[in-house]
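Enquirer: Below are the structure tokens for one structure; questions will follow.
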Amino acid sequence: MLILGGGTAGTMMANKLASALDERDWRITVVDGTEEHYYQPGFLFVPFGTYGIRDIVKPRRKYLPGRIKFILSGIEHIEAEKKTVKLSGGEMLSYDCLIIATGADIHPEQIEGMLDEEWGRSKFDFYTPTGADRLGQFLKGWQGGKLVVSIAEMPIKCPVAPLEFLFLADAYFTERGMRNKVDLQLVTPLSGAFTKPVANRVLGEFMERKGISVTPDFGIARVDNQEKKLVAWDETEVSYDLLVSIPTNMGDSCIARSEMGNELNFVPTNKKTLEADGLEDVFVLGDASNLPSSKAGSVAHFQSEILLKNILEHIEGRPACANYDGHANCFIESGFGKGLLIDFNYETEPLRGKFPLPGIGPFKLLGESRVNHYGKLMFRWAYWNLLLRGVELPIKAEMSMAGKVRG
Amino acid sequence: METMTIAGKALQLDADGNLANHNDWNEEVARELGVQEGIPELTTQHWAVINFMRSVFEKEGDAPSIRRLTKESGVDTKTLYQLFPKGPAKRAARIAGLPKPKGCI
């Protein structure tokens, strides 16, 4: 059992398989290019000083215990026909079953003019440890001006993170007594704050109430560093003093070298069974796939339960029978110690209502509450101690309509 | 489900206002959808993009993203934005009678 990637998806899956597969029959190996496992939902809080980088990183190996073998190495390519994987150093690994969990990363170099000497000075990202940390240092001394959050193209990891960043920025500058010196703006290729109609309406109202403007339908072509402005393909422009960029997200380069990906290096995957399209004994989990579900940890978690069932069937020579429904569930920080919760799948958009959770909930869906905010902060503990270890959580993989209101 | 009279026929639309059934589509429907999208006349280049989108959809069940259009349709990004202002993939998909590309999520 070979798992490429030791992030949220790969680690969770390795632990689930370690409990489910007989040790006499199966060896489980995880390959990853770095030692550090970052709690990625935490990146959002680093620019505002809530967390430091040290608060959100742990060694990967700690979460891959016992029988799971960890190999620290980059991946050169996958040869699905020979059922082997070549590592960066040239070593070949063979497999009976392969799980691709190589994730997604930001690629600022995909936007003309983004990566120059101003990157890290007036232009930042918060999707990497370095980016989030540098932005935090910069914000401490910033005197105000026009802060633009720019989404380059979809899909991106955690599609609500840009909105959360703006909500938290609104609270941060208010608390520092300088909100009147800061202009907050979202520039997006989408037609609104969010794509799904009900959530778009609710989140759009939030933006308006907080005085955050939105420039929709903006296809960024380049950054003009002299004039400090974004230029769209149709030559419309947005100027900035401080640019927070959500660059193009792409799958791992080993997917391109294996000639297995789409135009963004995401692996075409069966949206229900999670089998890689047209490949034998290969499954895809989490951000690495091309599925039309959100790229988020909750999605990887729900998928991992489906994938475990399907792999166990596959090993017995039976066809995959568990179906993933696109379920995603995420807390949205709205600032000032409050948050929202959204829960949705392929077919059902995020709706209002209550989300029942035994012992802790109910959480309010698509509405602001303090409990939702604590839910998000509490989640960091649950991530390291329950989620990664493959412990069952009290939320089902299939989305439920319980407590939800249509319209 | 909403319906709209396009090219003389009552056609069903999905939640995004795109055709619910891509088999309802024909060139006359495309021309009328084009007018609705603010494109009074579809040129040869428009048709090249529309036909490319339909061929990808027929093979893969999803309309291509802007990035893929740039890479494979033979029309560069700048021109795509001139042909289908604001959101080329979204707009071209609607005119091509297809659902909004899933990549837009």
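Numbering starts fresh at 1 for the residues of each chain in the structure tokens, the chains themselves are lettered A, B, ... in the order given, and ligands are numbered from 1 as they appear.
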What residues in chain B have any atom no more than 10 Å from chain A when counting only C-alpha atoms, and can you write them as a ChimeraX atom specification?
Expert: /B:15-16,60,62,64-69,71-72,77-82,85-88,90,101-105
Enquirer: Those same residues - C-alpha atoms - I'd like them written as an mmCIF file, in the first residue's frame.
Expert:
```
data_model
loop_
_atom_site.group_PDB
_atom_site.id
_atom_site.type_symbol
_atom_site.label_atom_id
_atom_site.label_comp_id
_atom_site.auth_asym_id
_atom_site.auth_seq_id
_atom_site.Cartn_x
_atom_site.Cartn_y
_atom_site.Cartn_z
ATOM 1 C CA ALA B 15 -30.054 27.079 -11.416
ATOM 2 C CA ASP B 16 -27.333 29.097 -13.197
ATOM 3 C CA GLU B 60 -15.598 14.318 -20.460
ATOM 4 C CA ASP B 62 -17.580 18.914 -18.038
ATOM 5 C CA PRO B 64 -13.211 23.207 -20.012
ATOM 6 C CA SER B 65 -11.685 25.996 -17.910
ATOM 7 C CA ILE B 66 -10.184 29.193 -19.364
ATOM 8 C CA ARG B 67 -6.723 27.744 -18.863
ATOM 9 C CA ARG B 68 -7.600 24.692 -20.930
ATOM 10 C CA LEU B 69 -9.286 26.811 -23.596
ATOM 11 C CA LYS B 71 -3.984 25.690 -24.120
ATOM 12 C CA GLU B 72 -6.080 23.670 -26.543
ATOM 13 C CA THR B 77 -6.544 34.279 -23.240
ATOM 14 C CA LYS B 78 -6.610 37.917 -24.284
ATOM 15 C CA THR B 79 -8.737 37.116 -27.329
ATOM 16 C CA LEU B 80 -11.003 34.869 -25.250
ATOM 17 C CA TYR B 81 -11.796 37.845 -23.005
ATOM 18 C CA GLN B 82 -12.498 39.982 -26.072
ATOM 19 C CA PRO B 85 -16.183 39.576 -22.042
ATOM 20 C CA LYS B 86 -15.772 39.130 -18.252
ATOM 21 C CA GLY B 87 -15.989 35.362 -17.919
ATOM 22 C CA PRO B 88 -15.024 33.503 -21.110
ATOM 23 C CA LYS B 90 -18.752 30.748 -18.049
ATOM 24 C CA PRO B 101 -17.808 24.559 -15.829
ATOM 25 C CA LYS B 102 -17.298 22.748 -12.518
ATOM 26 C CA GLY B 103 -13.860 24.292 -12.198
ATOM 27 C CA CYS B 104 -15.629 27.544 -11.259
ATOM 28 C CA ILE B 105 -16.484 26.165 -7.803
#
```
Enquirer: Just the residues within 9 Å of Leu13 in chain B, please, counting only C-alpha atoms, with nothing from its chain fewer than 5 positions along; format it as a ChimeraX atom specification.
Expert: /B:1-4,18-21
Enquirer: For the residues in the current selection, export N, CA and C atoms as a compact mmCIF listing (two decimals), in the first residue's frame.
Expert:
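What landed in out.txt:
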```txt
# COMPACT_ATOMS: atom_id res chain seq x y z
N MET B 1 -38.37 23.91 -12.06
CA MET B 1 -37.28 24.35 -12.94
C MET B 1 -37.78 25.44 -13.90
N GLU B 2 -36.98 26.45 -14.07
CA GLU B 2 -37.37 27.58 -14.91
C GLU B 2 -37.31 27.20 -16.40
N THR B 3 -38.22 27.78 -17.17
CA THR B 3 -38.10 27.59 -18.62
C THR B 3 -38.01 28.95 -19.29
N MET B 4 -37.45 28.96 -20.49
CA MET B 4 -37.31 30.21 -21.22
C MET B 4 -37.55 29.91 -22.69
N ASN B 18 -28.32 28.27 -17.29
CA ASN B 18 -27.82 27.58 -18.48
C ASN B 18 -28.83 26.52 -18.90
N LEU B 19 -28.74 26.04 -20.14
CA LEU B 19 -29.67 25.00 -20.59
C LEU B 19 -29.56 23.78 -19.67
N ALA B 20 -30.72 23.26 -19.25
CA ALA B 20 -30.71 22.08 -18.37
C ALA B 20 -30.36 20.84 -19.19
N ASN B 21 -30.72 20.84 -20.47
CA ASN B 21 -30.46 19.68 -21.32
C ASN B 21 -29.66 20.13 -22.54
```
Enquirer: Just list as number ranges by chain whatever in chain B DSSP marks as helix (DSSP H, G or I).
Expert: B: 22-24, 27-36, 44-60, 66-72, 77-83, 88-95, 102-104
Enquirer: So that I can check the surroundings of Tyr240 in chain A, please list as a VMD selection string every protein, DNA and RNA residue that reaches within 10 Å of it, counting only C-alpha atoms and ignoring chain neighbours fewer than 5 positions away.
Expert: chain A and resid 122 to 123 145 to 149 183 to 185 227 to 230
Enquirer: Let's have the selection written as a PDB file, in the first residue's frame, with N, CA and C atoms.
Expert:
```
ATOM      1  N   SER A 122       5.382  44.268  -0.760  1.00  0.00           N
ATOM      2  CA  SER A 122       4.040  44.875  -0.866  1.00  0.00           C
ATOM      3  C   SER A 122       3.035  43.855  -1.406  1.00  0.00           C
ATOM      4  N   LYS A 123       3.534  42.667  -1.782  1.00  0.00           N
ATOM      5  CA  LYS A 123       2.670  41.588  -2.295  1.00  0.00           C
ATOM      6  C   LYS A 123       2.973  40.324  -1.488  1.00  0.00           C
ATOM      7  N   GLY A 145      -3.998  52.011   4.123  1.00  0.00           N
ATOM      8  CA  GLY A 145      -4.016  52.196   2.676  1.00  0.00           C
ATOM      9  C   GLY A 145      -5.018  51.231   2.079  1.00  0.00           C
ATOM     10  N   LYS A 146      -4.795  50.883   0.817  1.00  0.00           N
ATOM     11  CA  LYS A 146      -5.745  50.013   0.144  1.00  0.00           C
ATOM     12  C   LYS A 146      -5.240  48.564   0.132  1.00  0.00           C
ATOM     13  N   LEU A 147      -5.962  47.707   0.836  1.00  0.00           N
ATOM     14  CA  LEU A 147      -5.597  46.291   0.906  1.00  0.00           C
ATOM     15  C   LEU A 147      -6.499  45.514  -0.056  1.00  0.00           C
ATOM     16  N   VAL A 148      -5.881  44.905  -1.050  1.00  0.00           N
ATOM     17  CA  VAL A 148      -6.642  44.132  -2.032  1.00  0.00           C
ATOM     18  C   VAL A 148      -6.325  42.650  -1.887  1.00  0.00           C
ATOM     19  N   VAL A 149      -7.374  41.837  -1.726  1.00  0.00           N
ATOM     20  CA  VAL A 149      -7.214  40.386  -1.766  1.00  0.00           C
ATOM     21  C   VAL A 149      -7.613  39.944  -3.171  1.00  0.00           C
ATOM     22  N   ASP A 183      -8.757  50.539   3.338  1.00  0.00           N
ATOM     23  CA  ASP A 183      -9.791  50.230   2.357  1.00  0.00           C
ATOM     24  C   ASP A 183      -9.650  48.743   2.033  1.00  0.00           C
ATOM     25  N   LEU A 184     -10.711  47.947   2.251  1.00  0.00           N
ATOM     26  CA  LEU A 184     -10.626  46.503   2.010  1.00  0.00           C
ATOM     27  C   LEU A 184     -11.397  46.130   0.749  1.00  0.00           C
ATOM     28  N   GLN A 185     -10.762  45.335  -0.096  1.00  0.00           N
ATOM     29  CA  GLN A 185     -11.410  44.982  -1.361  1.00  0.00           C
ATOM     30  C   GLN A 185     -11.071  43.553  -1.788  1.00  0.00           C
ATOM     31  N   GLU A 227       3.186  50.846 -11.141  1.00  0.00           N
ATOM     32  CA  GLU A 227       1.980  51.601 -10.778  1.00  0.00           C
ATOM     33  C   GLU A 227       1.222  50.965  -9.621  1.00  0.00           C
ATOM     34  N   LYS A 228       1.693  49.803  -9.151  1.00  0.00           N
ATOM     35  CA  LYS A 228       0.994  49.036  -8.115  1.00  0.00           C
ATOM     36  C   LYS A 228      -0.469  48.833  -8.460  1.00  0.00           C
ATOM     37  N   LYS A 229      -0.682  48.122  -9.550  1.00  0.00           N
ATOM     38  CA  LYS A 229      -2.059  47.809  -9.905  1.00  0.00           C
ATOM     39  C   LYS A 229      -2.167  46.439 -10.571  1.00  0.00           C
ATOM     40  N   LEU A 230      -3.372  45.862 -10.451  1.00  0.00           N
ATOM     41  CA  LEU A 230      -3.677  44.614 -11.144  1.00  0.00           C
ATOM     42  C   LEU A 230      -4.329  44.985 -12.459  1.00  0.00           C
TER      43      LEU A 230
END
```
Enquirer: Just give me the gap between CA of Phe126 in chain A and CA of Arg54 in chain A in Å, one decimal is fine.
Expert: 15.2 Å
Enquirer: Taking only C-alpha atoms into account, name the residue in A:Val238, A:Lys338, A:Leu366, A:Met92 that is nearest to Arg201 in chain A.
Expert: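 Distance minimum relative to Arg201 in chain A lands on A:Leu366.
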Enquirer: Excluding same-chain residues fewer than 6 positions from range 27-32 of chain B, what lies within 12 Å of it counting only C-alpha atoms, as a ChimeraX atom specification?
Expert: /B:4-11,18-19,38-43,46-47,50-51,54,91-98
Enquirer: Which residues are close to range 311-322 of chain A, i.e. within 8 Å by only C-alpha atoms, leaving aside same-chain residues fewer than 3 positions away? Reply as a VMD selection string.
Expert: chain A and resid 272 to 273 306 to 308
Enquirer: Using the selection just defined, write its residues with N, CA and C atoms as a compact mmCIF listing (two decimals), in the first residue's frame.
Expert:
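The file below, selection.txt, is the result:
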```txt
# COMPACT_ATOMS: atom_id res chain seq x y z
N LYS A 272 -17.36 9.64 -7.57
CA LYS A 272 -18.04 8.85 -6.54
C LYS A 272 -17.10 7.86 -5.87
N THR A 273 -16.38 7.07 -6.68
CA THR A 273 -15.58 5.98 -6.08
C THR A 273 -14.16 6.40 -5.70
N ILE A 306 -15.02 6.98 2.70
CA ILE A 306 -15.52 6.30 1.50
C ILE A 306 -14.39 5.46 0.89
N LEU A 307 -13.21 6.07 0.81
CA LEU A 307 -12.08 5.38 0.18
C LEU A 307 -11.69 4.12 0.94
N LEU A 308 -11.74 4.16 2.26
CA LEU A 308 -11.40 2.97 3.04
C LEU A 308 -12.32 1.80 2.65
```
Enquirer: Between CA of Gly339 in chain A and CA of Val371 in chain A, what is the spacing in Å?
Expert: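 Separation of CA of Val371 in chain A and CA of Gly339 in chain A: 7.6 Å.
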Enquirer: I'd like the contact shell of Tyr172 in chain A - 10 Å cut-off, only C-alpha atoms, skipping same-chain residues fewer than 6 positions apart - returned as a PDB file with N, CA and C atoms, in the first residue's frame.
Expert:
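Contents of the output file result-v3.pdb:
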```
ATOM      1  N   PRO A  47      -1.205  35.861   9.950  1.00  0.00           N
ATOM      2  CA  PRO A  47      -0.998  37.291   9.661  1.00  0.00           C
ATOM      3  C   PRO A  47      -1.544  38.209  10.757  1.00  0.00           C
ATOM      4  N   PHE A  48      -2.519  37.739  11.520  1.00  0.00           N
ATOM      5  CA  PHE A  48      -3.137  38.585  12.544  1.00  0.00           C
ATOM      6  C   PHE A  48      -2.593  38.291  13.939  1.00  0.00           C
ATOM      7  N   GLY A  49      -1.552  37.476  14.004  1.00  0.00           N
ATOM      8  CA  GLY A  49      -0.867  37.240  15.267  1.00  0.00           C
ATOM      9  C   GLY A  49      -1.571  36.280  16.223  1.00  0.00           C
ATOM     10  N   LEU A 139       2.094  43.537   8.567  1.00  0.00           N
ATOM     11  CA  LEU A 139       0.863  44.171   9.068  1.00  0.00           C
ATOM     12  C   LEU A 139       1.102  44.910  10.383  1.00  0.00           C
ATOM     13  N   LEU A 166     -10.508  38.670   4.830  1.00  0.00           N
ATOM     14  CA  LEU A 166     -11.039  40.039   4.836  1.00  0.00           C
ATOM     15  C   LEU A 166     -11.848  40.327   6.101  1.00  0.00           C
ATOM     16  N   MET A 178      -7.626  51.685  13.508  1.00  0.00           N
ATOM     17  CA  MET A 178      -7.215  52.274  12.225  1.00  0.00           C
ATOM     18  C   MET A 178      -8.067  51.784  11.048  1.00  0.00           C
ATOM     19  N   ARG A 179      -9.265  51.286  11.359  1.00  0.00           N
ATOM     20  CA  ARG A 179     -10.104  50.768  10.280  1.00  0.00           C
ATOM     21  C   ARG A 179     -10.419  51.851   9.253  1.00  0.00           C
ATOM     22  N   GLY A 335     -14.794  37.265  12.170  1.00  0.00           N
ATOM     23  CA  GLY A 335     -14.184  38.364  12.921  1.00  0.00           C
ATOM     24  C   GLY A 335     -14.881  38.619  14.241  1.00  0.00           C
ATOM     25  N   PHE A 336     -14.239  39.373  15.120  1.00  0.00           N
ATOM     26  CA  PHE A 336     -14.773  39.752  16.436  1.00  0.00           C
ATOM     27  C   PHE A 336     -15.257  38.532  17.227  1.00  0.00           C
TER      28      PHE A 336
END
```
Enquirer: Name all residues at most 10 Å from Ala402 in chain A (count only C-alpha atoms; drop same-chain ones fewer than 6 positions away) and give them as an MDAnalysis selection string.
Expert: chainID A and resid 353:356
Enquirer: Quick check, in Å to one decimal: how far apart do CA of Asn345 in chain A and CA of Lys364 in chain A lie?
Expert: 17.6 Å
Enquirer: Could you pull out the strand (DSSP E) residues of chain B, going by DSSP on the backbone, and write them as a list of chain:residue names?
Expert: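 Output for chain B, strand (DSSP E) only: B:Thr3, B:Met4, B:Thr5, B:Ile6, B:Lys9, B:Ala10, B:Leu11, B:Gln12.
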Enquirer: Go through A:Arg67, A:Met13, A:Leu4, A:Glu368 and flag the residue nearest Trp26 in chain A, using only C-alpha atoms for the distances.
Expert: A:Arg67
